[in-house]
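Student: Next comes the structure file query_20.pdb, holding PDB, C-alpha atoms.
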```
ATOM      1  CA  MET A 885      16.177   5.037 -13.674
ATOM      2  CA  SER A 886      13.313   6.756 -15.489
ATOM      3  CA  SER A 887       9.856   5.755 -14.311
ATOM      4  CA  ILE A 888       6.351   5.850 -15.659
ATOM      5  CA  LYS A 889       3.089   5.783 -13.749
ATOM      6  CA  ARG A 890       0.501   3.077 -14.148
ATOM      7  CA  TYR A 891      -2.822   3.604 -12.409
ATOM      8  CA  LEU A 892      -4.870   0.828 -10.836
ATOM      9  CA  ALA A 893      -8.578   0.649 -10.054
ATOM     10  CA  PRO A 894      -9.708  -1.573  -7.161
ATOM     11  CA  ALA A 895     -12.671  -2.778  -9.238
ATOM     12  CA  ASP A 896     -10.197  -4.399 -11.657
ATOM     13  CA  PHE A 897      -8.732  -6.658  -8.939
ATOM     14  CA  THR A 898     -10.064  -9.561  -6.918
ATOM     15  CA  VAL A 899      -8.786  -9.969  -3.377
ATOM     16  CA  GLU A 900      -6.441 -12.714  -4.561
ATOM     17  CA  GLU A 901      -5.164 -10.655  -7.481
ATOM     18  CA  SER A 902      -4.342  -7.745  -5.183
ATOM     19  CA  TRP A 903      -2.127 -10.029  -3.078
ATOM     20  CA  ARG A 904      -0.563 -11.499  -6.213
ATOM     21  CA  LEU A 905       0.284  -7.900  -7.148
ATOM     22  CA  VAL A 906       2.014  -7.463  -3.772
ATOM     23  CA  GLU A 907       4.132 -10.547  -4.466
ATOM     24  CA  TRP A 908       4.927  -9.227  -7.943
ATOM     25  CA  CYS A 909       6.054  -5.947  -6.361
ATOM     26  CA  ARG A 910       8.259  -7.869  -3.932
ATOM     27  CA  GLU A 911       9.820  -9.698  -6.894
ATOM     28  CA  ILE A 912      10.781  -6.378  -8.509
ATOM     29  CA  GLY A 913      12.232  -4.966  -5.312
ATOM     30  CA  ALA A 914       9.553  -3.774  -2.868
ATOM     31  CA  ASP A 915      11.409  -3.962   0.433
ATOM     32  CA  GLU A 916       9.399  -1.902   2.935
ATOM     33  CA  PHE A 917       5.871  -0.646   3.491
ATOM     34  CA  THR A 918       3.613   1.520   5.573
ATOM     35  CA  VAL A 919      -0.127   1.493   6.233
ATOM     36  CA  ASP A 920      -2.410   3.823   8.155
ATOM     37  CA  CYS A 921      -4.788   2.797  10.912
ATOM     38  CA  ILE A 922      -7.827   5.012  11.381
ATOM     39  CA  GLY A 923     -10.282   4.921  14.250
ATOM     40  CA  SER A 924     -13.438   6.719  15.234
ATOM     41  CA  ASP A 925     -11.599   7.539  18.467
ATOM     42  CA  ALA A 926      -8.187   6.861  20.020
ATOM     43  CA  ARG A 927      -9.377   3.736  21.837
ATOM     44  CA  ALA A 928     -10.888   2.190  18.698
ATOM     45  CA  GLN A 929      -7.742   2.972  16.746
ATOM     46  CA  ALA A 930      -5.551   1.362  19.418
ATOM     47  CA  THR A 931      -7.782  -1.724  19.566
ATOM     48  CA  THR A 932      -7.534  -2.124  15.789
ATOM     49  CA  TRP A 933      -3.797  -1.374  15.676
ATOM     50  CA  GLN A 934      -2.533  -3.635  18.486
ATOM     51  CA  PRO A 935      -2.996  -7.058  16.823
ATOM     52  CA  PHE A 936      -1.295  -5.777  13.647
ATOM     53  CA  GLU A 937       1.559  -4.207  15.572
ATOM     54  CA  LYS A 938       2.161  -7.421  17.503
ATOM     55  CA  LEU A 939       2.746  -9.265  14.212
ATOM     56  CA  VAL A 940       4.925  -6.649  12.493
ATOM     57  CA  LYS A 941       6.894  -5.239  15.432
ATOM     58  CA  PRO A 942       9.893  -7.594  14.976
ATOM     59  CA  PHE A 943      10.222  -6.256  11.425
ATOM     60  CA  SER A 944      10.015  -2.559  12.260
ATOM     61  CA  LEU A 945      12.446  -0.344  10.380
ATOM     62  CA  GLY A 946      11.605   2.626  12.580
ATOM     63  CA  GLU A 947      10.649   5.918  11.003
ATOM     64  CA  ASP A 948      12.118   7.657   7.987
ATOM     65  CA  THR A 949      11.005  10.368   5.593
ATOM     66  CA  ARG A 950       8.911   8.940   2.777
ATOM     67  CA  GLU A 951       6.494  10.119   0.123
ATOM     68  CA  ARG A 952       2.851   9.511   0.997
ATOM     69  CA  MET A 953      -0.346   9.444  -1.038
ATOM     70  CA  SER A 954      -2.149  12.105   0.998
ATOM     71  CA  GLY A 955      -1.463  14.871   3.469
ATOM     72  CA  THR A 956      -3.076  17.865   5.076
ATOM     73  CA  THR A 957      -0.914  20.157   2.892
ATOM     74  CA  ALA A 958       1.338  19.677  -0.129
ATOM     75  CA  ASP A 959       4.337  19.863   2.211
ATOM     76  CA  ASP A 960       2.865  16.956   4.191
ATOM     77  CA  LEU A 961       3.063  14.582   1.199
ATOM     78  CA  THR A 962       6.632  13.791   2.275
ATOM     79  CA  ARG A 963       6.868  13.165   6.000
ATOM     80  CA  SER A 964       8.177  10.945   8.763
ATOM     81  CA  THR A 965       6.639   7.521   8.221
ATOM     82  CA  ARG A 966       6.596   4.277  10.208
ATOM     83  CA  LEU A 967       8.084   1.496   8.096
ATOM     84  CA  TRP A 968       8.244  -2.285   8.175
ATOM     85  CA  GLU A 969      10.249  -4.801   6.203
ATOM     86  CA  MET A 970       8.346  -6.596   3.444
ATOM     87  CA  ASN A 971       8.446 -10.351   4.042
ATOM     88  CA  PRO A 972       5.968 -13.250   4.241
ATOM     89  CA  VAL A 973       5.084 -12.478   7.883
ATOM     90  CA  THR A 974       4.382  -8.783   7.303
ATOM     91  CA  VAL A 975       2.468  -9.471   4.089
ATOM     92  CA  GLY A 976       0.363 -11.923   6.111
ATOM     93  CA  ALA A 977      -0.281  -9.176   8.665
ATOM     94  CA  LEU A 978      -1.367  -6.851   5.845
ATOM     95  CA  GLN A 979      -3.700  -9.562   4.552
ATOM     96  CA  GLN A 980      -5.319  -9.774   7.988
ATOM     97  CA  ALA A 981      -5.551  -5.980   8.242
ATOM     98  CA  LEU A 982      -6.983  -5.647   4.718
ATOM     99  CA  PRO A 983      -9.080  -8.830   4.290
ATOM    100  CA  ASN A 984     -10.818  -7.474   1.182
ATOM    101  CA  GLY A 985      -7.528  -6.867  -0.611
ATOM    102  CA  LEU A 986      -4.677  -4.384  -0.691
ATOM    103  CA  LEU A 987      -6.725  -1.970  -2.818
ATOM    104  CA  SER A 988      -9.855  -2.131  -0.664
ATOM    105  CA  TYR A 989     -11.426   0.607   1.420
ATOM    106  CA  ASP A 990     -13.534  -0.753   4.242
ATOM    107  CA  PRO A 991     -14.204   1.892   6.904
ATOM    108  CA  GLU A 992     -16.438  -0.467   8.849
ATOM    109  CA  GLY A 993     -16.704  -0.611  12.585
ATOM    110  CA  ARG A 994     -14.762   1.780  14.736
ATOM    111  CA  GLY A 995     -11.289   1.130  13.306
ATOM    112  CA  TRP A 996      -9.781   0.159   9.961
ATOM    113  CA  PHE A 997      -6.617   0.205   7.831
ATOM    114  CA  GLU A 998      -6.111   2.236   4.667
ATOM    115  CA  ASP A 999      -3.566   3.757   2.291
ATOM    116  CA  PRO A1000      -0.915   1.023   2.187
ATOM    117  CA  ILE A1001       2.271   2.014   0.367
ATOM    118  CA  LEU A1002       5.061  -0.262  -0.836
ATOM    119  CA  TYR A1003       8.513   1.252  -1.238
ATOM    120  CA  ARG A1004      11.568   0.165  -3.194
ATOM    121  CA  GLU A1005      14.887   1.475  -1.899
ATOM    122  CA  GLY A1006      13.082   4.362  -0.186
ATOM    123  CA  SER A1007      10.979   5.390  -3.193
ATOM    124  CA  LEU A1008       7.251   4.890  -3.648
ATOM    125  CA  LEU A1009       6.635   1.827  -5.824
ATOM    126  CA  LEU A1010       2.923   1.140  -5.199
ATOM    127  CA  GLY A1011       0.781   3.711  -3.417
ATOM    128  CA  VAL A1012      -2.891   3.251  -2.602
ATOM    129  CA  LEU A1013      -5.261   6.121  -1.856
ATOM    130  CA  SER A1014      -8.015   3.962  -0.418
ATOM    131  CA  HIS A1015     -10.881   6.444  -0.082
ATOM    132  CA  GLU A1016     -10.304   7.753  -3.628
ATOM    133  CA  ALA A1017     -10.370   4.198  -5.040
ATOM    134  CA  PHE A1018      -7.118   4.231  -6.964
ATOM    135  CA  ALA A1019      -3.496   3.228  -6.730
ATOM    136  CA  VAL A1020      -0.387   4.215  -8.640
ATOM    137  CA  LEU A1021       2.599   2.105  -9.607
ATOM    138  CA  ARG A1022       5.914   3.722 -10.546
ATOM    139  CA  LEU A1023       7.698   1.406 -12.927
ATOM    140  CA  THR A1024      10.327   1.325 -15.610
ATOM    141  CA  VAL A1025       9.090   0.809 -19.160
ATOM    142  CA  VAL A1026      10.263  -2.818 -19.025
ATOM    143  CA  GLU A1027       8.488  -3.383 -15.687
ATOM    144  CA  SER A1028       5.311  -1.886 -17.144
ATOM    145  CA  MET A1029       5.453  -4.415 -19.973
ATOM    146  CA  ARG A1030       6.033  -7.187 -17.420
ATOM    147  CA  LEU A1031       3.032  -5.951 -15.412
ATOM    148  CA  THR A1032       0.843  -6.358 -18.488
ATOM    149  CA  ALA A1033       2.383  -9.741 -19.306
ATOM    150  CA  ALA A1034       1.627 -10.894 -15.747
ATOM    151  CA  GLY A1035      -2.066 -10.167 -16.402
ATOM    152  CA  PHE A1036      -2.495  -7.114 -14.174
ATOM    153  CA  PRO A1037      -4.872  -4.467 -15.553
ATOM    154  CA  SER A1038      -3.593  -0.895 -15.411
ATOM    155  CA  HIS A1039      -4.392   2.480 -16.926
ATOM    156  CA  ASP A1040      -2.395   5.355 -18.437
ATOM    157  CA  SER A1041      -4.324   7.875 -16.334
ATOM    158  CA  LEU A1042      -6.610   7.862 -13.320
ATOM    159  CA  PRO A1043      -9.551   5.577 -14.041
ATOM    160  CA  ARG A1044     -12.912   7.309 -14.049
ATOM    161  CA  MET A1045     -15.210   5.995 -11.383
ATOM    162  CA  GLY A1046     -18.971   5.812 -11.633
TER     163      GLY A1046
END
```
Give the structure from the file, written as structure tokens.

Tutor:
Amino acid sequence: MSSIKRYLAPADFTVEESWRLVEWCREIGADEFTVDCIGSDARAQATTWQPFEKLVKPFSLGEDTRERMSGTTADDLTRSTRLWEMNPVTVGALQQALPNGLLSYDPEGRGWFEDPILYREGSLLLGVLSHEAFAVLRLTVVESMRLTAAGFPSHDSLPRMG
């Protein structure tokens, strides 16, 4: 299956539209996800992480090697990644973790979530690079047309910010 990239800008999406996009991705096959939890220190990170983990733990898929949106080196872009099944419960947990939308970047307080990635059959489908304010969708040509028909704005290249 040949894929094309469609780029998304957080400014183009309301909170509600970002979650509608998640449901659209589930409809076309998104079956697992990951998200990072960042903290100003280990205690803050754990305090932020624990409520999320309590909700998603029953749906853990363990760890597997997956493509990521960032890494300390180019080799680190594919690495062991914690994964969870995509379902209404885990999407609800993501909504609580990212209350300003899937594409948001809110490093407020001492702990926060960022860089959610949705996978389809082990391959990156929707990847968010939160602090860079963009996301990428990997779609077939037909899915790209369906994305547009569903009313989701996207770009052929990285949107310019500023």

Student: Translate the PyMOL selection byres ((chain A and resi 941) around 12) into a concrete residue list for this structure, as a list in words.

Tutor: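 Written out, the selection comes to Trp933, Gln934, Pro935, Phe936, Glu937, Lys938, Leu939, Val940, Pro942, Phe943, Ser944, Leu945, Gly946, Arg966, Leu967, Trp968, Glu969, Val973, Thr974 and Ala977 of chain A.
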
Student: Which distance in Å separates CA of Leu892 (chain A) and CA of Ser964 (chain A), to one decimal?

Tutor: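 So the answer is 25.6 Å.
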
Student: If you count all atoms listed in the file, which residues fall within 12 Å of Ser988 (chain A), apart from same-chain ones fewer than 4 positions away, as an NGL selection string?

Tutor: :A and (892-903 or 978-979 or 981-984 or 992 or 996-1000 or 1012-1019)

Student: Mind telling me what the PyMOL selection byres ((chain A and resi 917) around 7) catches here, as a PDB file with C-alpha atoms, in the coordinates of the input?

Tutor:
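So the final result, stored in out34.pdb, reads:
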```
ATOM      1  CA  GLU A 916       9.399  -1.902   2.935  1.00  0.00           C
ATOM      2  CA  THR A 918       3.613   1.520   5.573  1.00  0.00           C
ATOM      3  CA  VAL A 919      -0.127   1.493   6.233  1.00  0.00           C
ATOM      4  CA  LEU A 967       8.084   1.496   8.096  1.00  0.00           C
ATOM      5  CA  TRP A 968       8.244  -2.285   8.175  1.00  0.00           C
ATOM      6  CA  GLU A 969      10.249  -4.801   6.203  1.00  0.00           C
ATOM      7  CA  MET A 970       8.346  -6.596   3.444  1.00  0.00           C
ATOM      8  CA  ILE A1001       2.271   2.014   0.367  1.00  0.00           C
ATOM      9  CA  LEU A1002       5.061  -0.262  -0.836  1.00  0.00           C
ATOM     10  CA  TYR A1003       8.513   1.252  -1.238  1.00  0.00           C
TER      11      TYR A1003
END
```

Student: Would you compute the distance between CA of Leu1009 (chain A) and CA of Thr931 (chain A)? Give it in Å to one decimal.

Tutor: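 Going from CA of Leu1009 (chain A) over to CA of Thr931 (chain A), I get 29.4 Å.
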
Student: Separation of CA of Asp960 (chain A) and CA of Gln980 (chain A), in Å?

Tutor: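 Going from CA of Asp960 (chain A) over to CA of Gln980 (chain A) covers 28.2 Å.
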
Student: Please report as a Markdown table every residue of region 1003-1042 of chain A lying within 12 Å of region 909-914 of chain A, along with the nearest atom pair and their distance in Å (one decimal), using only C-alpha atoms.

Tutor:
```
| residue | atom | partner | partner_atom | distance |
| --- | --- | --- | --- | --- |
| A:Tyr1003 | CA | A:Ala914 | CA | 5.4 |
| A:Arg1004 | CA | A:Ala914 | CA | 4.4 |
| A:Glu1005 | CA | A:Ala914 | CA | 7.5 |
| A:Gly1006 | CA | A:Ala914 | CA | 9.3 |
| A:Ser1007 | CA | A:Ala914 | CA | 9.3 |
| A:Leu1008 | CA | A:Ala914 | CA | 9.0 |
| A:Leu1009 | CA | A:Ala914 | CA | 7.0 |
| A:Leu1010 | CA | A:Cys909 | CA | 7.8 |
| A:Gly1011 | CA | A:Cys909 | CA | 11.4 |
| A:Leu1021 | CA | A:Cys909 | CA | 9.3 |
| A:Arg1022 | CA | A:Cys909 | CA | 10.5 |
| A:Leu1023 | CA | A:Ile912 | CA | 9.5 |
| A:Thr1024 | CA | A:Ile912 | CA | 10.5 |
| A:Val1026 | CA | A:Ile912 | CA | 11.1 |
| A:Glu1027 | CA | A:Ile912 | CA | 8.1 |
| A:Ser1028 | CA | A:Ile912 | CA | 11.2 |
| A:Arg1030 | CA | A:Ile912 | CA | 10.1 |
| A:Leu1031 | CA | A:Cys909 | CA | 9.5 |
| A:Ala1034 | CA | A:Cys909 | CA | 11.5 |
| A:Phe1036 | CA | A:Cys909 | CA | 11.6 |
```

Student: Using the chain letters and numbers from this file, what does the PyMOL selection byres ((chain A and resi 1038-1041) around 8) select? Give the answer as a list in words.

Tutor: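 Answer for the PyMOL selection byres ((chain A and resi 1038-1041) around 8): Lys889, Arg890, Tyr891, Leu892, Ala893, Thr1032, Phe1036, Pro1037, Leu1042 and Pro1043 of chain A.
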
Student: Rank nothing, just name the residue among A:Gly993, A:Met1029, A:Val906, A:Asn971 nearest to Gln929 (chain A), using all atoms listed in the file.

Tutor: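 The shortest atom-to-atom distance to Gln929 (chain A) comes from A:Gly993.
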